[in-house]
Amino acid sequence: MKATQEQLKIKFEKALVAAFGNDYAGVDPLLVLASNPKFGDYQSNVSLSLTKKLGQQPRAIAQQIVDNLDVSDLCKPPEIAGPGFINLKLKTEYLEAQLQAILDDPRLGVAPSKNPKGVIVDYPSPNIAKEMHVGHLRPAVIGDCLSRILEFAGHDVLRISHVGDWGTPFGMLIAFLEEAYPEALTTTENLDLGDLSSFYRQAKKRFDADEEFKKAATQAVVKLQAGDEKTLLAWKIVCQLSSRAYQVIYDLMGISPDIIERGESFYNALLPEVTQELEKLGLLVENQGAKCVFLEGFTNREGQPLPVIVQKSDGGYNYATTDLAAIRYRVHVDKAQRVIYPVDAGQSNHFAQVFQVGRRAGWITDDVEFIHAPFGLVLGEDGQKLKTRSGEAVRLQDLLDGAIAYARKDLEKRLEEDNRQETEEFINHAAQVVGISAIKYADLSQNRTSNYIFSYDKMLALKGNTAPYMLYAYVRTQGISREGNIAFEKLGANIKIVLQEETELTLAKSLLQLDEVIHEVEQDLLPNRLCEYLYQLSDKFNKFYENCPVLKSEEPIRTSRLALCNLTAKTLKLGLSLLGIQVLERM
Ligand code: ARG
């Protein structure tokens with residue numbers, strides 16, 4: 001109910017001026033959603049914050065505000081509580097009117113941002129030539145979700161995958177390709193990334209064991225950088241195969257197809273001019289042959305300032321240089337105003353450092369925000385980084401397949417118990433949706449910055465804050481429509497909403513909070529807020545459904561309740577879609 005909160009804010013500001021004069025025009029009324037329904041729906045703590053300034057008791061201040069506060073169109077008469085809180089309870093008529101207003105609104109009352117921006121979300125940015133593994137789960141899921149939310153909030157979102165497609169590992173791969181599989185250079189048939197991944201391991205083995213091979217690999221990098229045709233071809237083969245393999249995973253995961261692959265190689269040609277520009281600005285310092293920018297606020301153990309190496313002593317560039325070029329490009333060419341990097345927390349220093357250089361170089365100005373949105377690790381049940389038994393990172397494909405298989409087994413068991421017949425197609429689809437949703441939801445429902453334990457049992461549980469629970473709540477709404485033989489879409493918008501029962505009022509308020517939640521996530525980039533909201537909504541819906549007969553009640557209550565079911569369904573569907581989760585009509 002952002003709109004509500006905004007209206008209340010304006011009313012409070014007026015009251016503050018009326019009570020205490022123009023000096024109080026800019027005072028924040030400190031309005032929050034009440035933590036306990038006992039206190040109403042909103043609470044203002046402003047009186048407590050003004051005691052010093054006004055030299056009065058907070059309760060007396062609260063009284064003067066309330067005397068000047070006209071919220072009668074939205075709220076019941078305000079109450080002063082405790083040391084001087086002002087509690088507000090929304091009027092039923094107001095809630096009814098608000099719900100009525102969103103009945104046929106596809107955005108369900110979520111206003112698009114008044115200040116739409118050009119946003120870049122940098123994800124999932126895997127490194128080419130290796131299969132995607134568990135480490136790529138979070139950037140894909142979080143990046144996709146944030147992009148969807150920001151887009152829905154009205155921003156112009158560019159999804160850019162900053163793939164690691166350049167550098168020393170490629171020398172190694174090219175050298176190995178040329179040595180062991182020269183035929184690969186004439187055909188891309190029969191090569192899939194599964195092969196390439198074992199290929200990567202073999203190449204690495206050769207690289208670590210053989211000095212001659214190491215030289216050939218270094219040579220390949222030089223040739224690649226010099227634009228040697230055959231080497232470039234080998235590089236392209238590796239890149240294409242990787243991209244194709246990524247796409248298979250993205251499709252399975254339901255990651256938006258709008259990702260633009262703009263890898264590190266894209267910035268190659270720009271690296272010399274980036275270096276020159278830093279040099280001209282006087283930011284570069286020679287240090288043992290390398291060109292560095294010495295950072296402010298980053299010191300080594302001896303307390304000396306730390307450098308970011310822009311150009312190595314051999315003339316080569318590195319990860320940081322490429323990110324500097326990307327920063328400059330994103331500001332100057334893409335004209336982005338907000339650039340978000342959902343990347344693991346282990347890279348926090350890297351981003352803090354390149355952002356600092358970007359600021360000092362004048363690329364990042366006050367008009368553009370660069371944000372590292374860090375996330376924690378995916379842990380195994382043992383609390384350690386999730387690994388296979390042989391100690392390697394788990395393949396992302398295996399992780400997804402595991403969840404789908406689990407969901408399938410569970411579904412088949414329930415079908416058998418209930419003696420339900422379903423087609424193979426239904427089972428496949430439902431298992432895939434539930435499995436993938438469970439993985440995504442488990443990831444998104446944690447605070448982004450925390451580590452979490454990956455557990456099929458937990459994420460696929462039918463109860464608790466899980467995707468299956470949420471999907472069930474949706475299925476339940478659809479069940480009502482089927483049972484009553486009433487197509488929700490046919491209800492129309494000319495419905496009189498009548499709220500009588502406590503559980504109806506609670507559900508109504510929750511339905512009107514979507515706007516506020518979306519705008520919170522838009523700011524703090526924490527998808528768990530949306531998960532928590534949808535979980536609360538499902539819970540409130542279930543309570544309403546237990547308490548209030550829908551199909552069996554009399555008109556106009558019956559239609560009003562059907563409309564509440566429909567709004568719940570639409571809110572769940574929209575909210576889940578913003579998490580990248582698809583709903584099921586039955587499961
Ligand atoms: N490829 C990097 C990795 O796998 C992540 C890149 C993140 N984006 C960036 N602009 N640095 O660690």
# chains A, B, ... in the order shown; residues from 1 in each chain; ligands from 1
>>> closest_atom_pairs(of="chain A", to="ligand 1", cutoff="8 Å", atoms="only C-alpha atoms and all ligand atoms", output="CSV")
residue,atom,partner,partner_atom_place_in_ligand_line,distance
A:Asp122,CA,ligand 1,8 (N),5.9
A:Tyr123,CA,ligand 1,8 (N),6.7
A:Pro124,CA,ligand 1,7 (C),7.4
A:Ser125,CA,ligand 1,1 (N),4.8
A:Pro126,CA,ligand 1,4 (O),4.6
A:Asn127,CA,ligand 1,1 (N),4.9
A:His136,CA,ligand 1,4 (O),7.6
A:Ser161,CA,ligand 1,8 (N),7.5
A:His162,CA,ligand 1,8 (N),5.3
A:Val163,CA,ligand 1,1 (N),5.3
A:Gly164,CA,ligand 1,1 (N),4.7
A:Tyr319,CA,ligand 1,11 (N),7.2
A:Ala320,CA,ligand 1,11 (N),7.8
A:Asp323,CA,ligand 1,10 (N),5.5
A:Ala326,CA,ligand 1,10 (N),7.2
A:Tyr341,CA,ligand 1,8 (N),6.3
A:Pro342,CA,ligand 1,7 (C),7.7
A:Val343,CA,ligand 1,7 (C),5.8
A:Asp344,CA,ligand 1,12 (O),7.8
A:Gln347,CA,ligand 1,12 (O),7.9
A:Phe351,CA,ligand 1,11 (N),7.7
>>> residues_around(residues="A:Ala508", least_positions_apart="6", cutoff="9 Å", atoms="only C-alpha atoms", output="list in words")
Leu95, Glu96, Leu99, Leu499 and Leu564 of chain A
>>> select_by_dssp(residues="stretch 266-407 of chain A", states="alpha helix (DSSP H)", output="PyMOL selection string")
chain A and resi 271-280+319-332+348-360+396-407
>>> write_last_selection(atoms="N, CA and C atoms", output="compact mmCIF listing (two decimals), in the first residue's frame")
# COMPACT_ATOMS: atom_id res chain seq x y z
N LEU A 271 41.05 -1.79 -24.08
CA LEU A 271 41.93 -1.77 -22.91
C LEU A 271 43.08 -0.76 -23.03
N PRO A 272 43.74 -0.66 -24.21
CA PRO A 272 44.83 0.34 -24.30
C PRO A 272 44.32 1.75 -24.04
N GLU A 273 43.15 2.09 -24.59
CA GLU A 273 42.69 3.47 -24.39
C GLU A 273 42.23 3.73 -22.96
N VAL A 274 41.74 2.70 -22.32
CA VAL A 274 41.39 2.85 -20.90
C VAL A 274 42.65 3.14 -20.09
N THR A 275 43.69 2.38 -20.40
CA THR A 275 44.96 2.57 -19.70
C THR A 275 45.50 3.97 -19.95
N GLN A 276 45.45 4.37 -21.22
CA GLN A 276 45.95 5.71 -21.55
C GLN A 276 45.17 6.80 -20.82
N GLU A 277 43.87 6.62 -20.77
CA GLU A 277 43.06 7.63 -20.11
C GLU A 277 43.42 7.74 -18.63
N LEU A 278 43.61 6.60 -18.00
CA LEU A 278 44.00 6.62 -16.58
C LEU A 278 45.37 7.28 -16.42
N GLU A 279 46.21 7.02 -17.39
CA GLU A 279 47.55 7.60 -17.36
C GLU A 279 47.46 9.13 -17.47
N LYS A 280 46.67 9.58 -18.41
CA LYS A 280 46.50 11.02 -18.63
C LYS A 280 45.93 11.70 -17.39
N TYR A 319 41.54 -9.17 -15.33
CA TYR A 319 40.11 -9.12 -14.98
C TYR A 319 39.68 -7.70 -14.60
N ALA A 320 40.50 -7.04 -13.75
CA ALA A 320 40.13 -5.70 -13.28
C ALA A 320 40.13 -4.69 -14.42
N THR A 321 41.13 -4.79 -15.30
CA THR A 321 41.19 -3.84 -16.41
C THR A 321 39.93 -3.96 -17.27
N THR A 322 39.55 -5.22 -17.51
CA THR A 322 38.36 -5.46 -18.32
C THR A 322 37.12 -4.87 -17.64
N ASP A 323 37.04 -5.03 -16.34
CA ASP A 323 35.89 -4.46 -15.65
C ASP A 323 35.92 -2.93 -15.68
N LEU A 324 37.12 -2.36 -15.66
CA LEU A 324 37.20 -0.90 -15.79
C LEU A 324 36.69 -0.46 -17.16
N ALA A 325 37.09 -1.19 -18.18
CA ALA A 325 36.61 -0.87 -19.54
C ALA A 325 35.10 -1.03 -19.60
N ALA A 326 34.58 -2.05 -18.92
CA ALA A 326 33.14 -2.29 -18.94
C ALA A 326 32.40 -1.15 -18.23
N ILE A 327 32.96 -0.68 -17.13
CA ILE A 327 32.34 0.43 -16.40
C ILE A 327 32.23 1.64 -17.31
N ARG A 328 33.35 1.95 -17.93
CA ARG A 328 33.41 3.13 -18.79
C ARG A 328 32.39 2.98 -19.95
N TYR A 329 32.35 1.79 -20.52
CA TYR A 329 31.45 1.54 -21.65
C TYR A 329 29.98 1.63 -21.21
N ARG A 330 29.71 1.08 -20.06
CA ARG A 330 28.33 1.06 -19.58
C ARG A 330 27.81 2.46 -19.29
N VAL A 331 28.71 3.33 -18.85
CA VAL A 331 28.29 4.71 -18.59
C VAL A 331 28.22 5.49 -19.90
N HIS A 332 29.30 5.42 -20.68
CA HIS A 332 29.39 6.30 -21.85
C HIS A 332 28.58 5.83 -23.05
N SER A 348 33.84 -9.00 -3.44
CA SER A 348 33.51 -7.67 -2.91
C SER A 348 34.67 -6.69 -3.05
N ASN A 349 35.87 -7.15 -2.72
CA ASN A 349 37.01 -6.25 -2.83
C ASN A 349 37.25 -5.83 -4.28
N HIS A 350 37.17 -6.81 -5.14
CA HIS A 350 37.36 -6.50 -6.56
C HIS A 350 36.44 -5.37 -7.00
N PHE A 351 35.15 -5.50 -6.66
CA PHE A 351 34.21 -4.48 -7.12
C PHE A 351 34.43 -3.14 -6.42
N ALA A 352 34.70 -3.20 -5.11
CA ALA A 352 34.94 -1.94 -4.41
C ALA A 352 36.14 -1.23 -5.06
N GLN A 353 37.12 -2.00 -5.48
CA GLN A 353 38.32 -1.40 -6.05
C GLN A 353 38.07 -0.82 -7.44
N VAL A 354 37.45 -1.61 -8.31
CA VAL A 354 37.23 -1.06 -9.66
C VAL A 354 36.22 0.09 -9.63
N PHE A 355 35.25 0.03 -8.73
CA PHE A 355 34.31 1.17 -8.63
C PHE A 355 35.07 2.41 -8.18
N GLN A 356 35.99 2.23 -7.24
CA GLN A 356 36.75 3.40 -6.78
C GLN A 356 37.55 4.01 -7.94
N VAL A 357 38.22 3.14 -8.70
CA VAL A 357 39.00 3.67 -9.84
C VAL A 357 38.05 4.35 -10.83
N GLY A 358 36.89 3.72 -11.06
CA GLY A 358 35.91 4.30 -11.97
C GLY A 358 35.46 5.69 -11.52
N ARG A 359 35.30 5.84 -10.22
CA ARG A 359 34.89 7.15 -9.68
C ARG A 359 36.01 8.16 -9.84
N ARG A 360 37.22 7.73 -9.48
CA ARG A 360 38.34 8.68 -9.55
C ARG A 360 38.65 9.06 -10.99
N LEU A 396 25.70 -27.90 -12.62
CA LEU A 396 24.41 -27.26 -12.46
C LEU A 396 23.31 -28.17 -13.03
N GLN A 397 23.60 -28.79 -14.16
CA GLN A 397 22.63 -29.69 -14.78
C GLN A 397 22.22 -30.81 -13.80
N ASP A 398 23.19 -31.37 -13.10
CA ASP A 398 22.89 -32.45 -12.16
C ASP A 398 22.03 -31.95 -11.00
N LEU A 399 22.34 -30.75 -10.58
CA LEU A 399 21.59 -30.16 -9.47
C LEU A 399 20.12 -29.98 -9.86
N LEU A 400 19.90 -29.50 -11.08
CA LEU A 400 18.54 -29.26 -11.56
C LEU A 400 17.82 -30.59 -11.79
N ASP A 401 18.52 -31.53 -12.43
CA ASP A 401 17.92 -32.84 -12.70
C ASP A 401 17.51 -33.52 -11.39
N GLY A 402 18.34 -33.35 -10.39
CA GLY A 402 18.05 -33.97 -9.09
C GLY A 402 16.74 -33.45 -8.51
N ALA A 403 16.52 -32.16 -8.62
CA ALA A 403 15.30 -31.57 -8.08
C ALA A 403 14.08 -32.03 -8.88
N ILE A 404 14.24 -32.11 -10.18
CA ILE A 404 13.12 -32.54 -11.03
C ILE A 404 12.76 -34.00 -10.71
N ALA A 405 13.78 -34.83 -10.56
CA ALA A 405 13.54 -36.25 -10.25
C ALA A 405 12.85 -36.40 -8.90
N TYR A 406 13.28 -35.60 -7.94
CA TYR A 406 12.68 -35.62 -6.60
C TYR A 406 11.20 -35.23 -6.70
N ALA A 407 10.93 -34.16 -7.42
CA ALA A 407 9.55 -33.66 -7.56
C ALA A 407 8.69 -34.71 -8.25
>>> closest_residue(among="A:Gly135, A:Gly21, A:Pro169, A:Pro58", to="A:Leu379", atoms="only C-alpha atoms")
A:Gly135
>>> select_by_dssp(residues="stretch 206-418 of chain A", states="strand (DSSP E or B)", output="short mmCIF file (atom, residue, chain, number, x, y, z; two decimals) with all heavy atoms, in the first residue's frame")
data_model
loop_
_atom_site.label_atom_id
_atom_site.label_comp_id
_atom_site.auth_asym_id
_atom_site.auth_seq_id
_atom_site.Cartn_x
_atom_site.Cartn_y
_atom_site.Cartn_z
N ILE A 260 22.13 -10.71 -23.13
CA ILE A 260 23.10 -10.41 -24.19
C ILE A 260 24.46 -10.91 -23.72
O ILE A 260 24.90 -10.58 -22.62
CB ILE A 260 23.19 -8.89 -24.41
CG1 ILE A 260 21.84 -8.35 -24.87
CG2 ILE A 260 24.30 -8.54 -25.37
CD1 ILE A 260 21.75 -6.84 -24.82
N GLU A 261 25.09 -11.71 -24.53
CA GLU A 261 26.41 -12.18 -24.15
C GLU A 261 27.43 -11.14 -24.62
O GLU A 261 27.60 -10.89 -25.80
CB GLU A 261 26.69 -13.53 -24.79
CG GLU A 261 27.50 -14.42 -23.88
CD GLU A 261 27.57 -15.84 -24.37
OE1 GLU A 261 28.28 -16.07 -25.35
OE2 GLU A 261 26.90 -16.71 -23.76
N VAL A 285 50.47 4.59 -11.68
CA VAL A 285 51.80 4.64 -11.08
C VAL A 285 52.53 3.38 -11.51
O VAL A 285 51.95 2.29 -11.49
CB VAL A 285 51.68 4.69 -9.53
CG1 VAL A 285 53.06 4.69 -8.89
CG2 VAL A 285 50.88 5.90 -9.09
N GLU A 286 53.80 3.53 -11.92
CA GLU A 286 54.61 2.35 -12.26
C GLU A 286 55.06 1.68 -10.98
O GLU A 286 55.53 2.34 -10.06
CB GLU A 286 55.87 2.77 -13.02
CG GLU A 286 55.65 3.18 -14.45
CD GLU A 286 56.06 2.10 -15.45
OE1 GLU A 286 56.84 1.17 -15.08
OE2 GLU A 286 55.59 2.19 -16.59
N ASN A 287 54.86 0.38 -10.92
CA ASN A 287 55.28 -0.35 -9.74
C ASN A 287 55.86 -1.68 -10.21
O ASN A 287 55.12 -2.52 -10.70
CB ASN A 287 54.09 -0.56 -8.80
CG ASN A 287 54.51 -1.09 -7.45
OD1 ASN A 287 55.64 -0.90 -7.03
ND2 ASN A 287 53.60 -1.79 -6.79
N ALA A 290 54.78 -2.80 -13.55
CA ALA A 290 53.35 -2.85 -13.82
C ALA A 290 52.75 -1.45 -13.65
O ALA A 290 53.26 -0.64 -12.88
CB ALA A 290 52.68 -3.81 -12.85
N LYS A 291 51.68 -1.20 -14.39
CA LYS A 291 51.00 0.08 -14.23
C LYS A 291 49.82 -0.11 -13.28
O LYS A 291 48.93 -0.93 -13.55
CB LYS A 291 50.51 0.59 -15.58
CG LYS A 291 51.68 1.00 -16.47
CD LYS A 291 51.21 1.55 -17.79
CE LYS A 291 52.44 2.03 -18.57
NZ LYS A 291 52.13 2.27 -19.98
N CYS A 292 49.83 0.65 -12.21
CA CYS A 292 48.83 0.43 -11.15
C CYS A 292 48.12 1.72 -10.78
O CYS A 292 48.64 2.81 -10.98
CB CYS A 292 49.50 -0.06 -9.87
SG CYS A 292 50.69 -1.34 -10.12
N VAL A 293 46.93 1.55 -10.20
CA VAL A 293 46.30 2.66 -9.51
C VAL A 293 46.35 2.31 -8.03
O VAL A 293 45.92 1.21 -7.64
CB VAL A 293 44.83 2.85 -9.93
CG1 VAL A 293 44.18 3.98 -9.12
CG2 VAL A 293 44.71 3.13 -11.41
N PHE A 294 46.92 3.19 -7.22
CA PHE A 294 46.95 2.91 -5.78
C PHE A 294 45.63 3.34 -5.15
O PHE A 294 45.13 4.43 -5.41
CB PHE A 294 48.16 3.59 -5.13
CG PHE A 294 49.40 2.76 -5.32
CD1 PHE A 294 50.22 2.98 -6.42
CD2 PHE A 294 49.68 1.72 -4.45
CE1 PHE A 294 51.34 2.18 -6.62
CE2 PHE A 294 50.80 0.92 -4.66
CZ PHE A 294 51.64 1.15 -5.74
N LEU A 295 45.08 2.43 -4.38
CA LEU A 295 43.72 2.65 -3.88
C LEU A 295 43.70 3.43 -2.59
O LEU A 295 44.64 3.36 -1.80
CB LEU A 295 43.06 1.29 -3.65
CG LEU A 295 42.84 0.49 -4.94
CD1 LEU A 295 42.70 -0.99 -4.65
CD2 LEU A 295 41.59 1.01 -5.65
N GLU A 296 42.63 4.15 -2.41
CA GLU A 296 42.42 4.84 -1.13
C GLU A 296 41.61 3.90 -0.24
O GLU A 296 40.62 3.33 -0.68
CB GLU A 296 41.66 6.14 -1.37
CG GLU A 296 42.51 7.15 -2.12
CD GLU A 296 41.69 8.22 -2.85
OE1 GLU A 296 40.44 8.16 -2.78
OE2 GLU A 296 42.31 9.09 -3.49
N GLY A 297 42.07 3.74 0.98
CA GLY A 297 41.28 2.92 1.92
C GLY A 297 41.52 1.43 1.83
O GLY A 297 40.87 0.67 2.52
N PHE A 298 42.41 0.99 0.95
CA PHE A 298 42.77 -0.43 0.91
C PHE A 298 44.26 -0.53 1.20
O PHE A 298 45.08 0.04 0.47
CB PHE A 298 42.53 -1.02 -0.47
CG PHE A 298 41.10 -1.19 -0.82
CD1 PHE A 298 40.40 -0.15 -1.45
CD2 PHE A 298 40.42 -2.37 -0.53
CE1 PHE A 298 39.07 -0.30 -1.77
CE2 PHE A 298 39.09 -2.52 -0.85
CZ PHE A 298 38.40 -1.48 -1.47
N THR A 299 44.61 -1.23 2.27
CA THR A 299 46.03 -1.35 2.59
C THR A 299 46.41 -2.80 2.76
O THR A 299 45.57 -3.64 3.07
CB THR A 299 46.37 -0.59 3.90
OG1 THR A 299 45.41 -0.96 4.89
CG2 THR A 299 46.35 0.91 3.71
N PRO A 305 49.32 1.35 0.93
CA PRO A 305 48.16 1.30 0.04
C PRO A 305 48.28 0.17 -0.99
O PRO A 305 49.38 -0.12 -1.46
CB PRO A 305 48.16 2.67 -0.66
CG PRO A 305 49.45 3.30 -0.32
CD PRO A 305 50.04 2.63 0.87
N LEU A 306 47.15 -0.45 -1.29
CA LEU A 306 47.13 -1.57 -2.25
C LEU A 306 46.93 -1.04 -3.67
O LEU A 306 46.18 -0.10 -3.87
CB LEU A 306 45.96 -2.49 -1.94
CG LEU A 306 46.16 -3.68 -1.01
CD1 LEU A 306 44.86 -4.46 -0.93
CD2 LEU A 306 47.28 -4.58 -1.53
N PRO A 307 47.58 -1.69 -4.62
CA PRO A 307 47.36 -1.28 -6.01
C PRO A 307 46.33 -2.15 -6.73
O PRO A 307 46.16 -3.31 -6.40
CB PRO A 307 48.74 -1.51 -6.64
CG PRO A 307 49.33 -2.65 -5.86
CD PRO A 307 48.67 -2.67 -4.50
N VAL A 308 45.63 -1.56 -7.72
CA VAL A 308 44.92 -2.36 -8.72
C VAL A 308 45.85 -2.37 -9.92
O VAL A 308 46.26 -1.30 -10.39
CB VAL A 308 43.61 -1.67 -9.16
CG1 VAL A 308 43.05 -2.35 -10.39
CG2 VAL A 308 42.59 -1.73 -8.06
N ILE A 309 46.21 -3.55 -10.38
CA ILE A 309 47.10 -3.61 -11.54
C ILE A 309 46.27 -3.44 -12.81
O ILE A 309 45.34 -4.21 -13.05
CB ILE A 309 47.89 -4.93 -11.57
CG1 ILE A 309 48.74 -5.02 -10.30
CG2 ILE A 309 48.76 -5.01 -12.82
CD1 ILE A 309 49.50 -6.30 -10.14
N VAL A 310 46.57 -2.40 -13.55
CA VAL A 310 45.83 -2.12 -14.77
C VAL A 310 46.52 -2.79 -15.96
O VAL A 310 45.88 -3.38 -16.82
CB VAL A 310 45.71 -0.60 -15.00
CG1 VAL A 310 45.04 -0.30 -16.33
CG2 VAL A 310 44.93 0.03 -13.85
N GLN A 311 47.85 -2.68 -15.97
CA GLN A 311 48.59 -3.36 -17.04
C GLN A 311 49.81 -4.04 -16.41
O GLN A 311 50.59 -3.40 -15.71
CB GLN A 311 49.03 -2.36 -18.12
CG GLN A 311 49.59 -3.04 -19.33
CD GLN A 311 49.82 -2.07 -20.50
OE1 GLN A 311 49.85 -0.85 -20.31
NE2 GLN A 311 49.98 -2.61 -21.69
N ARG A 338 22.08 2.80 -13.59
CA ARG A 338 22.21 1.91 -12.44
C ARG A 338 22.78 0.60 -12.97
O ARG A 338 22.20 0.01 -13.88
CB ARG A 338 20.81 1.69 -11.85
CG ARG A 338 20.83 1.32 -10.40
CD ARG A 338 19.42 1.33 -9.81
NE ARG A 338 19.51 0.95 -8.42
CZ ARG A 338 18.61 0.22 -7.79
NH1 ARG A 338 17.54 -0.20 -8.41
NH2 ARG A 338 18.76 -0.08 -6.51
N VAL A 339 23.92 0.20 -12.44
CA VAL A 339 24.56 -1.02 -12.92
C VAL A 339 24.70 -1.97 -11.73
O VAL A 339 25.31 -1.62 -10.72
CB VAL A 339 25.93 -0.74 -13.56
CG1 VAL A 339 26.50 -2.01 -14.18
CG2 VAL A 339 25.81 0.35 -14.62
N ILE A 340 24.10 -3.13 -11.88
CA ILE A 340 24.01 -4.06 -10.74
C ILE A 340 24.77 -5.34 -11.05
O ILE A 340 24.57 -5.94 -12.11
CB ILE A 340 22.52 -4.36 -10.45
CG1 ILE A 340 21.79 -3.06 -10.10
CG2 ILE A 340 22.40 -5.37 -9.31
CD1 ILE A 340 20.29 -3.17 -10.19
N TYR A 341 25.63 -5.72 -10.14
CA TYR A 341 26.43 -6.94 -10.31
C TYR A 341 26.04 -7.96 -9.24
O TYR A 341 26.56 -7.90 -8.13
CB TYR A 341 27.92 -6.63 -10.14
CG TYR A 341 28.51 -5.64 -11.14
CD1 TYR A 341 28.26 -4.27 -11.05
CD2 TYR A 341 29.36 -6.08 -12.15
CE1 TYR A 341 28.82 -3.38 -11.94
CE2 TYR A 341 29.93 -5.18 -13.05
CZ TYR A 341 29.66 -3.83 -12.95
OH TYR A 341 30.21 -2.94 -13.84
N ASP A 344 29.21 -13.26 -6.47
CA ASP A 344 29.46 -13.78 -5.12
C ASP A 344 30.24 -12.80 -4.25
O ASP A 344 31.01 -11.98 -4.74
CB ASP A 344 30.15 -15.14 -5.19
CG ASP A 344 31.57 -15.02 -5.66
OD1 ASP A 344 31.79 -15.04 -6.88
OD2 ASP A 344 32.46 -14.89 -4.81
N GLU A 369 24.68 4.85 -10.46
CA GLU A 369 24.94 4.00 -9.29
C GLU A 369 25.58 2.70 -9.78
O GLU A 369 25.05 2.03 -10.67
CB GLU A 369 23.59 3.60 -8.71
CG GLU A 369 23.18 4.22 -7.43
CD GLU A 369 21.84 3.62 -7.01
OE1 GLU A 369 20.88 3.67 -7.82
OE2 GLU A 369 21.76 3.11 -5.90
N PHE A 370 26.70 2.33 -9.19
CA PHE A 370 27.28 1.01 -9.45
C PHE A 370 27.15 0.21 -8.17
O PHE A 370 27.60 0.64 -7.12
CB PHE A 370 28.76 1.13 -9.88
CG PHE A 370 28.90 1.34 -11.36
CD1 PHE A 370 28.63 2.57 -11.93
CD2 PHE A 370 29.29 0.29 -12.18
CE1 PHE A 370 28.72 2.75 -13.30
CE2 PHE A 370 29.40 0.46 -13.55
CZ PHE A 370 29.12 1.69 -14.12
N ILE A 371 26.50 -0.93 -8.29
CA ILE A 371 26.18 -1.70 -7.08
C ILE A 371 26.65 -3.14 -7.22
O ILE A 371 26.26 -3.84 -8.16
CB ILE A 371 24.66 -1.73 -6.85
CG1 ILE A 371 24.09 -0.31 -6.83
CG2 ILE A 371 24.32 -2.47 -5.56
CD1 ILE A 371 22.58 -0.27 -6.92
N HIS A 372 27.49 -3.56 -6.32
CA HIS A 372 27.77 -4.99 -6.22
C HIS A 372 26.71 -5.56 -5.29
O HIS A 372 26.61 -5.13 -4.15
CB HIS A 372 29.19 -5.22 -5.67
CG HIS A 372 29.49 -6.66 -5.40
ND1 HIS A 372 30.27 -7.08 -4.35
CD2 HIS A 372 29.08 -7.79 -6.04
CE1 HIS A 372 30.35 -8.41 -4.37
NE2 HIS A 372 29.64 -8.86 -5.37
N PHE A 375 26.28 -12.18 -3.00
CA PHE A 375 25.51 -13.27 -2.42
C PHE A 375 26.45 -14.28 -1.76
O PHE A 375 27.64 -14.33 -2.08
CB PHE A 375 24.61 -13.95 -3.45
CG PHE A 375 25.31 -14.36 -4.72
CD1 PHE A 375 26.11 -15.48 -4.76
CD2 PHE A 375 25.13 -13.61 -5.88
CE1 PHE A 375 26.74 -15.85 -5.93
CE2 PHE A 375 25.77 -13.98 -7.06
CZ PHE A 375 26.58 -15.10 -7.09
N VAL A 378 26.49 -21.57 -1.64
CA VAL A 378 25.57 -22.70 -1.56
C VAL A 378 26.32 -23.82 -0.86
O VAL A 378 27.37 -24.26 -1.33
CB VAL A 378 25.15 -23.15 -2.98
CG1 VAL A 378 24.19 -24.33 -2.88
CG2 VAL A 378 24.53 -22.01 -3.75
N LEU A 379 25.80 -24.23 0.29
CA LEU A 379 26.50 -25.23 1.10
C LEU A 379 25.82 -26.60 1.02
O LEU A 379 24.63 -26.69 0.75
CB LEU A 379 26.52 -24.79 2.57
CG LEU A 379 27.10 -23.41 2.86
CD1 LEU A 379 26.95 -23.09 4.35
CD2 LEU A 379 28.56 -23.33 2.44
N LYS A 385 31.06 -26.00 1.45
CA LYS A 385 30.74 -25.69 0.06
C LYS A 385 30.25 -26.97 -0.65
O LYS A 385 30.86 -28.02 -0.52
CB LYS A 385 32.02 -25.22 -0.63
CG LYS A 385 31.90 -23.88 -1.30
CD LYS A 385 33.25 -23.45 -1.82
CE LYS A 385 33.07 -22.52 -3.00
NZ LYS A 385 34.27 -21.76 -3.30
N LYS A 387 29.80 -29.93 -2.82
CA LYS A 387 30.75 -30.61 -3.72
C LYS A 387 30.23 -32.00 -4.06
O LYS A 387 29.39 -32.55 -3.36
CB LYS A 387 32.09 -30.79 -3.01
CG LYS A 387 32.91 -29.54 -2.91
CD LYS A 387 34.33 -29.90 -2.51
CE LYS A 387 35.04 -28.77 -1.82
NZ LYS A 387 34.62 -28.61 -0.41
N ALA A 393 33.06 -29.26 -7.88
CA ALA A 393 31.83 -28.49 -7.85
C ALA A 393 30.76 -29.29 -8.57
O ALA A 393 31.01 -29.86 -9.63
CB ALA A 393 32.04 -27.15 -8.53
N ARG A 395 27.83 -30.21 -10.96
CA ARG A 395 27.35 -29.64 -12.23
C ARG A 395 25.95 -29.06 -12.02
O ARG A 395 25.11 -29.67 -11.36
CB ARG A 395 27.27 -30.70 -13.32
CG ARG A 395 28.60 -31.27 -13.74
CD ARG A 395 28.38 -32.51 -14.61
NE ARG A 395 27.79 -32.19 -15.90
CZ ARG A 395 26.77 -32.85 -16.46
NH1 ARG A 395 26.22 -33.86 -15.82
NH2 ARG A 395 26.30 -32.50 -17.64
#
>>> residues_around(residues="A:Phe488", least_positions_apart="3", cutoff="12 Å", atoms="only C-alpha atoms", output="ChimeraX atom specification")
/A:103-104,477-485,491-493,495,559-570
>>> residues_around(residues="stretch 147-149 of chain A", least_positions_apart="3", cutoff="7 Å", atoms="only C-alpha atoms", output="MDAnalysis selection string")
chainID A and resid 121 143:144 152:153 157 522 578
